[in-house]
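Trainee: Next comes the structure file input.pdb, holding PDB, C-alpha atoms, pLDDT in the B column.
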```pdb
ATOM      1  CA  LEU H   1      59.746 134.808 114.452  1.00 60.00           C
ATOM      2  CA  MET H   2      62.268 132.789 112.489  1.00 67.00           C
ATOM      3  CA  GLY H   3      60.384 129.577 113.268  1.00 66.00           C
ATOM      4  CA  MET H   4      57.044 131.038 112.159  1.00 68.00           C
ATOM      5  CA  GLY H   5      58.637 132.315 108.958  1.00 72.00           C
ATOM      6  CA  MET H   6      60.074 128.888 108.235  1.00 77.00           C
ATOM      7  CA  VAL H   7      56.594 127.333 108.457  1.00 76.00           C
ATOM      8  CA  PHE H   8      55.606 129.130 105.247  1.00 74.00           C
ATOM      9  CA  VAL H   9      59.043 128.900 103.646  1.00 76.00           C
ATOM     10  CA  LEU H  10      59.091 125.129 104.036  1.00 78.00           C
ATOM     11  CA  LEU H  11      55.501 124.980 102.826  1.00 75.00           C
ATOM     12  CA  THR H  12      56.763 126.176  99.432  1.00 73.00           C
ATOM     13  CA  TYR H  13      59.138 123.208  99.370  1.00 73.00           C
ATOM     14  CA  GLY H  14      56.389 120.809 100.423  1.00 71.00           C
ATOM     15  CA  GLY H  15      55.944 117.721  98.288  1.00 70.00           C
ATOM     16  CA  TRP H  16      59.563 116.634  97.925  1.00 71.00           C
ATOM     17  CA  ASN H  17      58.899 113.697 100.250  1.00 71.00           C
ATOM     18  CA  GLU H  18      55.982 112.464  98.141  1.00 71.00           C
ATOM     19  CA  ALA H  19      58.393 111.028  95.597  1.00 73.00           C
ATOM     20  CA  ALA H  20      58.895 108.209  98.118  1.00 75.00           C
ATOM     21  CA  TYR H  21      55.263 107.170  97.601  1.00 71.00           C
ATOM     22  CA  LEU H  22      56.200 105.990  94.109  1.00 70.00           C
ATOM     23  CA  SER H  23      59.108 103.820  95.208  1.00 72.00           C
ATOM     24  CA  GLY H  24      57.145 100.762  94.072  1.00 69.00           C
ATOM     25  CA  GLU H  25      57.437 101.977  90.472  1.00 71.00           C
ATOM     26  CA  LEU H  26      61.155 102.778  90.758  1.00 75.00           C
ATOM     27  CA  ARG H  27      63.870 100.447  89.522  1.00 81.00           C
ATOM     28  CA  ASN H  28      66.181  99.351  92.338  1.00 80.00           C
ATOM     29  CA  PRO H  29      64.596 101.661  94.967  1.00 77.00           C
ATOM     30  CA  GLY H  30      67.202 100.744  97.575  1.00 75.00           C
ATOM     31  CA  ARG H  31      69.827 102.504  95.457  1.00 78.00           C
ATOM     32  CA  ASN H  32      67.833 105.037  93.427  1.00 82.00           C
ATOM     33  CA  MET H  33      65.268 106.384  95.924  1.00 81.00           C
ATOM     34  CA  SER H  34      67.833 108.348  97.913  1.00 82.00           C
ATOM     35  CA  ARG H  35      69.294 109.702  94.671  1.00 84.00           C
ATOM     36  CA  VAL H  36      65.878 110.865  93.472  1.00 83.00           C
ATOM     37  CA  LEU H  37      65.187 112.674  96.750  1.00 83.00           C
ATOM     38  CA  LEU H  38      68.629 114.250  97.115  1.00 85.00           C
ATOM     39  CA  ILE H  39      69.064 115.324  93.495  1.00 87.00           C
ATOM     40  CA  GLY H  40      65.483 116.541  93.144  1.00 84.00           C
ATOM     41  CA  THR H  41      65.577 118.520  96.391  1.00 84.00           C
ATOM     42  CA  THR H  42      68.949 120.054  95.466  1.00 89.00           C
ATOM     43  CA  ILE H  43      67.673 121.184  92.068  1.00 89.00           C
ATOM     44  CA  VAL H  44      64.484 122.686  93.514  1.00 84.00           C
ATOM     45  CA  THR H  45      66.385 124.410  96.328  1.00 86.00           C
ATOM     46  CA  GLY H  46      68.894 125.888  93.885  1.00 90.00           C
ATOM     47  CA  ALA H  47      66.128 127.129  91.600  1.00 88.00           C
ATOM     48  CA  TYR H  48      64.249 128.730  94.510  1.00 85.00           C
ATOM     49  CA  VAL H  49      67.348 130.435  95.905  1.00 88.00           C
ATOM     50  CA  LEU H  50      68.364 131.848  92.513  1.00 91.00           C
ATOM     51  CA  THR H  51      64.809 133.016  91.851  1.00 85.00           C
ATOM     52  CA  ASN H  52      64.597 134.821  95.176  1.00 84.00           C
ATOM     53  CA  LEU H  53      68.000 136.462  94.682  1.00 89.00           C
ATOM     54  CA  ALA H  54      66.822 137.734  91.306  1.00 86.00           C
ATOM     55  CA  LEU H  55      63.574 139.059  92.789  1.00 84.00           C
ATOM     56  CA  LEU H  56      65.447 140.822  95.579  1.00 86.00           C
ATOM     57  CA  GLU H  57      67.679 142.456  92.997  1.00 84.00           C
ATOM     58  CA  ILE H  58      64.682 143.658  90.960  1.00 82.00           C
ATOM     59  CA  PHE H  59      62.219 144.739  93.649  1.00 82.00           C
ATOM     60  CA  GLY H  60      64.173 145.045  96.882  1.00 82.00           C
ATOM     61  CA  LEU H  61      62.876 143.737 100.205  1.00 79.00           C
ATOM     62  CA  GLN H  62      60.100 146.310 100.605  1.00 82.00           C
ATOM     63  CA  GLY H  63      59.038 145.860  97.002  1.00 79.00           C
ATOM     64  CA  LEU H  64      58.651 142.139  97.572  1.00 77.00           C
ATOM     65  CA  ARG H  65      56.424 142.836 100.548  1.00 79.00           C
ATOM     66  CA  ASP H  66      54.197 145.136  98.523  1.00 79.00           C
ATOM     67  CA  THR H  67      53.935 142.967  95.383  1.00 78.00           C
ATOM     68  CA  PRO H  68      51.067 140.438  95.381  1.00 74.00           C
ATOM     69  CA  ALA H  69      52.014 138.676  92.098  1.00 74.00           C
ATOM     70  CA  LEU H  70      55.784 138.645  91.657  1.00 75.00           C
ATOM     71  CA  GLY H  71      55.985 136.561  88.517  1.00 75.00           C
ATOM     72  CA  ALA H  72      53.460 138.655  86.633  1.00 78.00           C
ATOM     73  CA  ASP H  73      55.108 141.883  87.766  1.00 80.00           C
ATOM     74  CA  VAL H  74      58.527 140.681  86.563  1.00 79.00           C
ATOM     75  CA  MET H  75      57.114 139.873  83.140  1.00 79.00           C
ATOM     76  CA  GLN H  76      55.289 143.203  83.114  1.00 79.00           C
ATOM     77  CA  LEU H  77      58.617 144.980  83.565  1.00 76.00           C
ATOM     78  CA  ALA H  78      60.498 142.779  81.113  1.00 76.00           C
ATOM     79  CA  ALA H  79      58.024 142.231  78.257  1.00 80.00           C
ATOM     80  CA  GLY H  80      54.786 144.089  78.869  1.00 79.00           C
ATOM     81  CA  PRO H  81      51.227 143.225  79.958  1.00 81.00           C
ATOM     82  CA  TYR H  82      50.629 140.425  77.439  1.00 82.00           C
ATOM     83  CA  ALA H  83      53.654 138.540  78.688  1.00 81.00           C
ATOM     84  CA  ALA H  84      52.443 139.021  82.268  1.00 80.00           C
ATOM     85  CA  ALA H  85      49.058 137.516  81.365  1.00 82.00           C
ATOM     86  CA  LEU H  86      50.742 134.615  79.568  1.00 85.00           C
ATOM     87  CA  LEU H  87      52.919 133.856  82.585  1.00 81.00           C
ATOM     88  CA  SER H  88      49.870 133.922  84.871  1.00 82.00           C
ATOM     89  CA  LEU H  89      48.141 131.360  82.650  1.00 86.00           C
ATOM     90  CA  THR H  90      51.296 129.236  82.617  1.00 86.00           C
ATOM     91  CA  ILE H  91      51.438 129.271  86.413  1.00 82.00           C
ATOM     92  CA  CYS H  92      47.790 128.145  86.551  1.00 83.00           C
ATOM     93  CA  ALA H  93      48.592 125.266  84.161  1.00 85.00           C
ATOM     94  CA  THR H  94      51.608 124.144  86.182  1.00 81.00           C
ATOM     95  CA  ALA H  95      49.548 124.340  89.384  1.00 81.00           C
ATOM     96  CA  LEU H  96      47.038 121.946  87.832  1.00 85.00           C
ATOM     97  CA  SER H  97      49.821 119.511  86.926  1.00 80.00           C
ATOM     98  CA  THR H  98      51.132 119.706  90.483  1.00 77.00           C
ATOM     99  CA  ILE H  99      47.665 118.999  91.854  1.00 83.00           C
ATOM    100  CA  ASN H 100      47.435 116.001  89.535  1.00 82.00           C
ATOM    101  CA  GLY H 101      50.730 114.616  90.826  1.00 78.00           C
ATOM    102  CA  THR H 102      49.657 115.160  94.429  1.00 80.00           C
ATOM    103  CA  ILE H 103      46.367 113.345  93.825  1.00 85.00           C
ATOM    104  CA  ILE H 104      48.166 110.357  92.332  1.00 83.00           C
ATOM    105  CA  THR H 105      50.755 110.057  95.102  1.00 79.00           C
ATOM    106  CA  GLY H 106      48.425 110.918  97.989  1.00 82.00           C
ATOM    107  CA  ALA H 107      45.945 108.180  97.098  1.00 87.00           C
ATOM    108  CA  ARG H 108      48.716 105.628  97.588  1.00 85.00           C
ATOM    109  CA  VAL H 109      48.556 106.287 101.338  1.00 84.00           C
ATOM    110  CA  TYR H 110      44.852 105.422 101.527  1.00 88.00           C
ATOM    111  CA  TYR H 111      45.386 102.405  99.295  1.00 89.00           C
ATOM    112  CA  ALA H 112      48.196 101.096 101.527  1.00 86.00           C
ATOM    113  CA  LEU H 113      46.019 101.669 104.608  1.00 83.00           C
ATOM    114  CA  GLY H 114      43.263  99.588 103.041  1.00 86.00           C
ATOM    115  CA  ARG H 115      45.690  96.749 102.329  1.00 85.00           C
ATOM    116  CA  ASP H 116      47.188  96.745 105.843  1.00 81.00           C
ATOM    117  CA  VAL H 117      44.010  97.210 107.923  1.00 80.00           C
ATOM    118  CA  PRO H 118      41.368  94.515 107.308  1.00 78.00           C
ATOM    119  CA  ARG H 119      38.414  96.644 108.434  1.00 78.00           C
ATOM    120  CA  LEU H 120      39.409  99.364 105.965  1.00 82.00           C
ATOM    121  CA  HIS H 121      39.803  96.920 103.106  1.00 85.00           C
ATOM    122  CA  ALA H 122      37.336  98.956 101.044  1.00 88.00           C
ATOM    123  CA  LEU H 123      40.058 101.591 100.579  1.00 87.00           C
ATOM    124  CA  ALA H 124      42.155  99.017  98.747  1.00 86.00           C
ATOM    125  CA  GLY H 125      39.657  98.756  95.909  1.00 86.00           C
ATOM    126  CA  TRP H 126      41.534  98.610  92.602  1.00 85.00           C
ATOM    127  CA  SER H 127      40.227  99.103  89.090  1.00 81.00           C
ATOM    128  CA  ALA H 128      41.904  96.538  86.843  1.00 79.00           C
ATOM    129  CA  ARG H 129      40.597  98.294  83.731  1.00 81.00           C
ATOM    130  CA  LYS H 130      41.875 101.753  84.696  1.00 75.00           C
ATOM    131  CA  GLU H 131      44.798 100.466  86.790  1.00 78.00           C
ATOM    132  CA  THR H 132      44.051 102.976  89.544  1.00 85.00           C
ATOM    133  CA  PRO H 133      43.115 102.773  93.264  1.00 88.00           C
ATOM    134  CA  VAL H 134      39.575 104.047  92.673  1.00 89.00           C
ATOM    135  CA  ALA H 135      38.338 103.733  96.265  1.00 91.00           C
ATOM    136  CA  ALA H 136      41.390 105.553  97.633  1.00 91.00           C
ATOM    137  CA  LEU H 137      40.953 108.374  95.120  1.00 91.00           C
ATOM    138  CA  LEU H 138      37.290 108.791  96.079  1.00 92.00           C
ATOM    139  CA  ALA H 139      38.136 108.863  99.800  1.00 91.00           C
ATOM    140  CA  GLN H 140      40.879 111.397  99.195  1.00 90.00           C
ATOM    141  CA  GLY H 141      38.519 113.549  97.136  1.00 91.00           C
ATOM    142  CA  ALA H 142      35.899 113.555  99.898  1.00 91.00           C
ATOM    143  CA  ILE H 143      38.427 114.649 102.528  1.00 86.00           C
ATOM    144  CA  THR H 144      39.772 117.319 100.169  1.00 85.00           C
ATOM    145  CA  LEU H 145      36.290 118.765  99.637  1.00 88.00           C
ATOM    146  CA  VAL H 146      35.823 119.030 103.401  1.00 84.00           C
ATOM    147  CA  LEU H 147      39.097 120.966 103.697  1.00 78.00           C
ATOM    148  CA  VAL H 148      38.140 123.209 100.764  1.00 81.00           C
ATOM    149  CA  ALA H 149      34.820 123.964 102.458  1.00 81.00           C
ATOM    150  CA  LEU H 150      36.659 124.747 105.689  1.00 74.00           C
ATOM    151  CA  GLY H 151      38.840 127.255 103.851  1.00 73.00           C
ATOM    152  CA  ALA H 152      35.920 128.733 101.898  1.00 75.00           C
ATOM    153  CA  PHE H 153      34.164 129.856 105.067  1.00 75.00           C
ATOM    154  CA  SER H 154      37.251 131.557 106.548  1.00 71.00           C
ATOM    155  CA  GLN H 155      38.684 135.014 105.932  1.00 71.00           C
ATOM    156  CA  ASN H 156      42.003 133.695 104.645  1.00 70.00           C
ATOM    157  CA  SER H 157      41.727 130.161 103.274  1.00 72.00           C
ATOM    158  CA  VAL H 158      45.478 129.574 102.925  1.00 71.00           C
ATOM    159  CA  GLN H 159      46.235 130.624 106.493  1.00 71.00           C
ATOM    160  CA  THR H 160      43.340 128.518 107.778  1.00 73.00           C
ATOM    161  CA  LEU H 161      44.513 125.379 106.007  1.00 74.00           C
ATOM    162  CA  VAL H 162      48.106 125.949 107.132  1.00 75.00           C
ATOM    163  CA  ALA H 163      46.897 126.392 110.705  1.00 71.00           C
ATOM    164  CA  TYR H 164      44.953 123.139 110.438  1.00 75.00           C
ATOM    165  CA  THR H 165      47.626 120.989 108.804  1.00 79.00           C
ATOM    166  CA  ALA H 166      51.080 122.377 109.683  1.00 82.00           C
ATOM    167  CA  PRO H 167      51.346 121.218 113.327  1.00 85.00           C
ATOM    168  CA  VAL H 168      50.114 117.725 112.411  1.00 85.00           C
ATOM    169  CA  PHE H 169      52.500 117.515 109.440  1.00 85.00           C
ATOM    170  CA  TRP H 170      55.534 118.386 111.530  1.00 87.00           C
ATOM    171  CA  ILE H 171      54.491 115.987 114.297  1.00 90.00           C
ATOM    172  CA  PHE H 172      54.560 113.164 111.769  1.00 88.00           C
ATOM    173  CA  MET H 173      57.923 114.305 110.415  1.00 89.00           C
ATOM    174  CA  LEU H 174      59.189 114.263 114.019  1.00 92.00           C
ATOM    175  CA  LEU H 175      57.890 110.703 114.368  1.00 92.00           C
ATOM    176  CA  VAL H 176      59.697 109.734 111.160  1.00 90.00           C
ATOM    177  CA  ALA H 177      62.975 110.946 112.665  1.00 91.00           C
ATOM    178  CA  ALA H 178      62.267 109.103 115.916  1.00 93.00           C
ATOM    179  CA  SER H 179      61.317 105.909 114.065  1.00 91.00           C
ATOM    180  CA  VAL H 180      64.818 105.596 112.590  1.00 90.00           C
ATOM    181  CA  TRP H 181      66.250 105.290 116.087  1.00 89.00           C
ATOM    182  CA  ARG H 182      63.374 103.205 117.486  1.00 90.00           C
ATOM    183  CA  LEU H 183      63.342 100.611 114.709  1.00 88.00           C
ATOM    184  CA  ARG H 184      67.092 100.116 115.052  1.00 87.00           C
ATOM    185  CA  GLN H 185      66.582  99.479 118.752  1.00 87.00           C
ATOM    186  CA  LEU H 186      63.734  96.998 118.231  1.00 87.00           C
ATOM    187  CA  ASP H 187      65.279  95.031 115.381  1.00 84.00           C
ATOM    188  CA  PRO H 188      68.995  95.782 114.974  1.00 82.00           C
ATOM    189  CA  GLU H 189      69.654  92.712 112.788  1.00 82.00           C
ATOM    190  CA  GLN H 190      67.025  93.522 110.165  1.00 81.00           C
ATOM    191  CA  PRO H 191      68.586  94.158 106.711  1.00 80.00           C
ATOM    192  CA  ARG H 192      67.962  97.755 105.658  1.00 79.00           C
ATOM    193  CA  PRO H 193      68.059  98.953 102.043  1.00 75.00           C
ATOM    194  CA  PHE H 194      68.811 102.575 102.988  1.00 77.00           C
ATOM    195  CA  ARG H 195      71.905 103.773 104.810  1.00 78.00           C
ATOM    196  CA  VAL H 196      71.936 106.665 107.302  1.00 83.00           C
ATOM    197  CA  PRO H 197      75.371 108.316 107.002  1.00 83.00           C
ATOM    198  CA  LEU H 198      76.790 109.736 110.246  1.00 88.00           C
ATOM    199  CA  TYR H 199      74.047 108.030 112.286  1.00 87.00           C
ATOM    200  CA  PRO H 200      72.563 109.175 114.699  1.00 87.00           C
ATOM    201  CA  LEU H 201      73.293 112.782 113.696  1.00 93.00           C
ATOM    202  CA  PRO H 202      70.869 113.121 110.708  1.00 90.00           C
ATOM    203  CA  PRO H 203      67.734 111.826 112.523  1.00 92.00           C
ATOM    204  CA  LEU H 204      68.695 113.833 115.611  1.00 94.00           C
ATOM    205  CA  LEU H 205      68.978 117.077 113.619  1.00 94.00           C
ATOM    206  CA  LEU H 206      65.738 116.318 111.765  1.00 91.00           C
ATOM    207  CA  GLY H 207      63.933 115.556 115.017  1.00 93.00           C
ATOM    208  CA  LEU H 208      65.080 118.767 116.719  1.00 93.00           C
ATOM    209  CA  THR H 209      64.155 120.831 113.658  1.00 90.00           C
ATOM    210  CA  CYS H 210      60.716 119.247 113.452  1.00 89.00           C
ATOM    211  CA  ALA H 211      60.128 119.779 117.165  1.00 91.00           C
ATOM    212  CA  GLY H 212      60.883 123.472 116.738  1.00 88.00           C
ATOM    213  CA  LEU H 213      58.528 123.687 113.750  1.00 87.00           C
ATOM    214  CA  VAL H 214      55.762 121.901 115.665  1.00 87.00           C
ATOM    215  CA  TYR H 215      56.031 124.583 118.333  1.00 86.00           C
ATOM    216  CA  SER H 216      56.259 127.468 115.844  1.00 84.00           C
ATOM    217  CA  SER H 217      53.357 126.257 113.718  1.00 82.00           C
ATOM    218  CA  ALA H 218      51.195 125.670 116.795  1.00 83.00           C
ATOM    219  CA  VAL H 219      51.936 129.184 118.080  1.00 81.00           C
ATOM    220  CA  TYR H 220      51.110 130.623 114.660  1.00 75.00           C
ATOM    221  CA  ALA H 221      47.936 128.564 114.260  1.00 73.00           C
ATOM    222  CA  GLY H 222      46.617 129.222 117.752  1.00 74.00           C
ATOM    223  CA  ALA H 223      43.181 127.686 118.231  1.00 71.00           C
ATOM    224  CA  GLY H 224      43.201 126.409 114.647  1.00 68.00           C
ATOM    225  CA  ALA H 225      45.907 123.929 115.566  1.00 72.00           C
ATOM    226  CA  LEU H 226      43.576 122.302 118.083  1.00 76.00           C
ATOM    227  CA  ILE H 227      41.256 121.144 115.293  1.00 76.00           C
ATOM    228  CA  GLY H 228      43.994 119.307 113.461  1.00 76.00           C
ATOM    229  CA  LEU H 229      45.420 117.863 116.677  1.00 80.00           C
ATOM    230  CA  ALA H 230      41.927 116.718 117.742  1.00 82.00           C
ATOM    231  CA  VAL H 231      41.483 114.860 114.451  1.00 79.00           C
ATOM    232  CA  LEU H 232      44.904 113.294 114.940  1.00 81.00           C
ATOM    233  CA  ALA H 233      44.066 112.272 118.518  1.00 82.00           C
ATOM    234  CA  ALA H 234      40.826 110.676 117.299  1.00 80.00           C
ATOM    235  CA  GLY H 235      42.947 108.205 115.372  1.00 78.00           C
ATOM    236  CA  ILE H 236      44.450 106.720 118.553  1.00 79.00           C
ATOM    237  CA  PRO H 237      41.341 104.783 119.635  1.00 79.00           C
ATOM    238  CA  MET H 238      40.744 103.911 115.980  1.00 74.00           C
ATOM    239  CA  LEU H 239      44.078 102.078 115.941  1.00 73.00           C
ATOM    240  CA  ARG H 240      42.866  99.749 118.685  1.00 72.00           C
ATOM    241  CA  LEU H 241      39.427  99.369 117.140  1.00 68.00           C
ATOM    242  CA  LEU H 242      40.628  98.519 113.664  1.00 66.00           C
ATOM    243  CA  LYS H 243      43.432  96.169 114.775  1.00 62.00           C
ATOM    244  CA  PRO H 244      45.774  96.527 111.793  1.00 51.00           C
ATOM    245  CA  ALA H 245      47.190  93.382 110.306  1.00 50.00           C
ATOM    246  CA  ARG H 246      50.641  92.358 111.494  1.00 51.00           C
ATOM    247  CA  LEU H 247      53.286  93.043 108.899  1.00 45.00           C
ATOM    248  CA  PRO H 248      55.128  89.965 107.588  1.00 47.00           C
ATOM    249  CA  GLY H 249      58.423  89.214 109.299  1.00 43.00           C
TER     250      GLY H 249
END
```
Show the structure stored in the file as structure tokens.

Mentor:
Amino acid sequence: LMGMGMVFVLLTYGGWNEAAYLSGELRNPGRNMSRVLLIGTTIVTGAYVLTNLALLEIFGLQGLRDTPALGADVMQLAAGPYAAALLSLTICATALSTINGTIITGARVYYALGRDVPRLHALAGWSARKETPVAALLAQGAITLVLVALGAFSQNSVQTLVAYTAPVFWIFMLLVAASVWRLRQLDPEQPRPFRVPLYPLPPLLLGLTCAGLVYSSAVYAGAGALIGLAVLAAGIPMLRLLKPARLPG
């Protein structure tokens, strides 16, 4: 039960890792990227914890379970219905800004894939006038519309999308943890801009945590997890077919 609960809890923190997608625009990323991630995650975690403590104090545990819109209800108690409506509009505006940031960072993945894999070079299309990866944005938009349609034809769109994406997400996070160890084994002399304090403890803890969340999310998703895992498995023969370019060095 704890593992299943953490699937949704960690979903609320999702996106912290996407700051790494913009490392190319960061000054001295070898020094500042870790600071951005650690400081940003600490601030967000502190804000979330304080917010939840305040909500528990106001509503109690059962009240939180019964309240569908916590922010609006808090403002309703504190300043009346107009304030509640204003907060709801503010939340909608901030959600749009978050979506905008996710679109910008997410397209970088498709753009990088187009640069590294010759047969997917079309994804690396760049608009010099707009200074944006146009092809990557269009590909991302098409995939997003498919996922939106998948959620639209289900009883609970959020649960459906979590069931589809959560197991795959945590598998990749598990692979990230494993890659730290594997890359050190393959090329121990390679200069590395980022340090791993107390190695191998951090990647080991991350790997074990991700493995538990893969299991919990798959149990929660049930048959829905099979769709996401099937799409992931379809990429294995594609790797051989596309023959990605060898990285320099």

Trainee: Of the residues H:Leu239, H:Trp170, H:Gln190, H:Met75, which is the one nearest to Gly207 (chain H), using all atoms listed in the file?

Mentor: H:Trp170

Trainee: Expressed in Å to a single decimal, how great is the separation between CA of Ala84 (chain H) and CA of Thr67 (chain H)?

Mentor: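 It comes out at 13.8 Å.
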
Trainee: Run the PyMOL selection byres ((chain H and resi 217-226) around 7) on the file and write out the hits as a list of chain:residue names.

Mentor: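 Matching residues under the PyMOL selection byres ((chain H and resi 217-226) around 7) are H:Met4, H:Val7, H:Ala163, H:Tyr164, H:Ala166, H:Pro167, H:Leu213, H:Val214, H:Tyr215, H:Ser216, H:Ile227, H:Gly228, H:Leu229, H:Ala230.
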
Trainee: Counting all atoms listed in the file, note down every residue that has an atom within 10 Å of the point (57.6, 120.4, 95.6) (file coordinates), as a JSON list (two decimals) with C-alpha atoms, in the coordinates of the input.

Mentor:
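In the end it all went to selection.json:
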```
[["chain", "number", "residue", "atom", "x", "y", "z"],
["H", 10, "LEU", "CA", 59.09, 125.13, 104.04],
["H", 11, "LEU", "CA", 55.50, 124.98, 102.83],
["H", 12, "THR", "CA", 56.76, 126.18, 99.43],
["H", 13, "TYR", "CA", 59.14, 123.21, 99.37],
["H", 14, "GLY", "CA", 56.39, 120.81, 100.42],
["H", 15, "GLY", "CA", 55.94, 117.72, 98.29],
["H", 16, "TRP", "CA", 59.56, 116.63, 97.92],
["H", 17, "ASN", "CA", 58.90, 113.70, 100.25],
["H", 18, "GLU", "CA", 55.98, 112.46, 98.14],
["H", 19, "ALA", "CA", 58.39, 111.03, 95.60],
["H", 40, "GLY", "CA", 65.48, 116.54, 93.14],
["H", 41, "THR", "CA", 65.58, 118.52, 96.39],
["H", 44, "VAL", "CA", 64.48, 122.69, 93.51],
["H", 45, "THR", "CA", 66.39, 124.41, 96.33],
["H", 98, "THR", "CA", 51.13, 119.71, 90.48],
["H", 102, "THR", "CA", 49.66, 115.16, 94.43]]
```

Trainee: Between H:Ala177, H:Ala124, H:Leu113, H:Val158, which is the closest to Val196 (chain H) once you count all atoms listed in the file?

Mentor: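 Of all the options, H:Ala177 lies closest to Val196 (chain H).
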
Trainee: Work out how far apart CA of Leu55 (chain H) and CA of Asn100 (chain H) are and give it in Å to one decimal.

Mentor: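 Going from CA of Leu55 (chain H) over to CA of Asn100 (chain H) covers 28.3 Å.
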
Trainee: Have a look at H:Ala78, H:Leu204, H:Val49, H:Val168 and name the one nearest to Val231 (chain H); count all atoms listed in the file.

Mentor: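 Nearest candidate to Val231 (chain H) out of H:Ala78, H:Leu204, H:Val49, H:Val168: H:Val168.
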
Trainee: Can you work out which one of H:Val162, H:Ala135, H:Ala47, H:Val74 has the shortest atom-to-atom distance to Leu120 (chain H), counting all atoms listed in the file?

Mentor: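 Of the candidates, the smallest distance to Leu120 (chain H) is held by H:Ala135.
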
Trainee: Evaluate the PyMOL selection byres ((chain H and resi 36) around 12) against this structure - the residues, as a ChimeraX atom specification, please.

Mentor: /H:16-23,26-35,37-44

Trainee: Rounded to one decimal in Å, what is the spacing between CA of Arg65 (chain H) and CA of Ile91 (chain H)?

Mentor: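 Taking CA of Arg65 (chain H) as the start and CA of Ile91 (chain H) as the end point, the length is 20.2 Å.
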
Trainee: Rank nothing, just name the residue among H:Pro133, H:Gly235, H:Pro81, H:Gly212 nearest to Thr105 (chain H), using all atoms listed in the file.

Mentor: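 The answer is H:Pro133, which sits nearest to Thr105 (chain H).
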
Trainee: Excluding Arg115 (chain H) and its own-chain neighbours fewer than 3 positions away, which residues fall within 12 Å of it when counting all atoms listed in the file? Please give them as an NGL selection string.

Mentor: :H and (108-112 or 118-126 or 133 or 135-136 or 244-247)

Trainee: Can you turn the PyMOL selection byres ((chain H and resi 174) around 8) into a concrete residue list for this file, as a compact mmCIF listing (two decimals) with C-alpha atoms, keeping the file's coordinate frame?

Mentor:
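Saved to expr-v9.txt:
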```
# COMPACT_ATOMS: atom_id res chain seq x y z
CA TRP H 170 55.53 118.39 111.53
CA ILE H 171 54.49 115.99 114.30
CA PHE H 172 54.56 113.16 111.77
CA MET H 173 57.92 114.30 110.42
CA LEU H 175 57.89 110.70 114.37
CA VAL H 176 59.70 109.73 111.16
CA ALA H 177 62.98 110.95 112.66
CA ALA H 178 62.27 109.10 115.92
CA LEU H 206 65.74 116.32 111.76
CA GLY H 207 63.93 115.56 115.02
CA LEU H 208 65.08 118.77 116.72
CA CYS H 210 60.72 119.25 113.45
CA ALA H 211 60.13 119.78 117.16
```

Trainee: From the options H:Ser179, H:Ile103, H:Glu131, H:Pro193, which residue's atoms come nearest to Ile143 (chain H), counting all atoms listed in the file?

Mentor: H:Ile103

Trainee: Got a sec: who's within 12 Å of Leu87 (chain H), counting all atoms listed in the file, leaving out chain neighbours fewer than 3 positions off, as a list in words?

Mentor: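 Skipping anything fewer than 3 positions along the chain leaves Ala69, Leu70, Gly71, Ala72, Asp73, Val74, Met75, Gln76, Ala78, Ala79, Gly80, Pro81, Tyr82, Ala83, Ala84, Thr90, Ile91, Cys92, Ala93 and Thr94 of chain H.
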
Trainee: How big is the axis-aligned box around the listed atoms of region 138-150 of chain H once 5 Å is added on each side, and where is its centre? Give both in Å to one decimal, as lines of an AutoDock Vina configuration file.

Mentor:
```
center_x = 37.8
center_y = 116.8
center_z = 100.9
size_x = 16.1
size_y = 26.0
size_z = 19.6
```

Trainee: Using the structure block above, produce a file of region 140-164 of chain H that contains C-alpha atoms, as a CSV table (one decimal), in the first residue's frame.

Mentor:
```csv
chain,number,residue,atom,x,y,z
H,140,GLN,CA,5.7,15.6,-29.3
H,141,GLY,CA,2.4,17.2,-30.0
H,142,ALA,CA,1.2,14.2,-32.1
H,143,ILE,CA,2.1,11.7,-29.3
H,144,THR,CA,0.5,13.9,-26.7
H,145,LEU,CA,-2.8,14.0,-28.7
H,146,VAL,CA,-2.8,10.2,-28.8
H,147,LEU,CA,-2.4,10.0,-25.0
H,148,VAL,CA,-5.1,12.6,-24.5
H,149,ALA,CA,-7.4,10.6,-26.7
H,150,LEU,CA,-6.6,7.5,-24.7
H,151,GLY,CA,-7.6,9.3,-21.5
H,152,ALA,CA,-10.7,10.8,-23.1
H,153,PHE,CA,-12.2,7.4,-23.7
H,154,SER,CA,-11.6,6.0,-20.2
H,155,GLN,CA,-13.6,6.4,-17.0
H,156,ASN,CA,-10.8,8.2,-15.2
H,157,SER,CA,-8.3,9.8,-17.5
H,158,VAL,CA,-5.7,10.6,-14.8
H,159,GLN,CA,-5.6,7.0,-13.5
H,160,THR,CA,-5.4,5.7,-17.1
H,161,LEU,CA,-2.5,7.8,-18.0
H,162,VAL,CA,-0.7,7.0,-14.8
H,163,ALA,CA,-1.2,3.3,-15.4
H,164,TYR,CA,0.2,3.7,-18.9
```
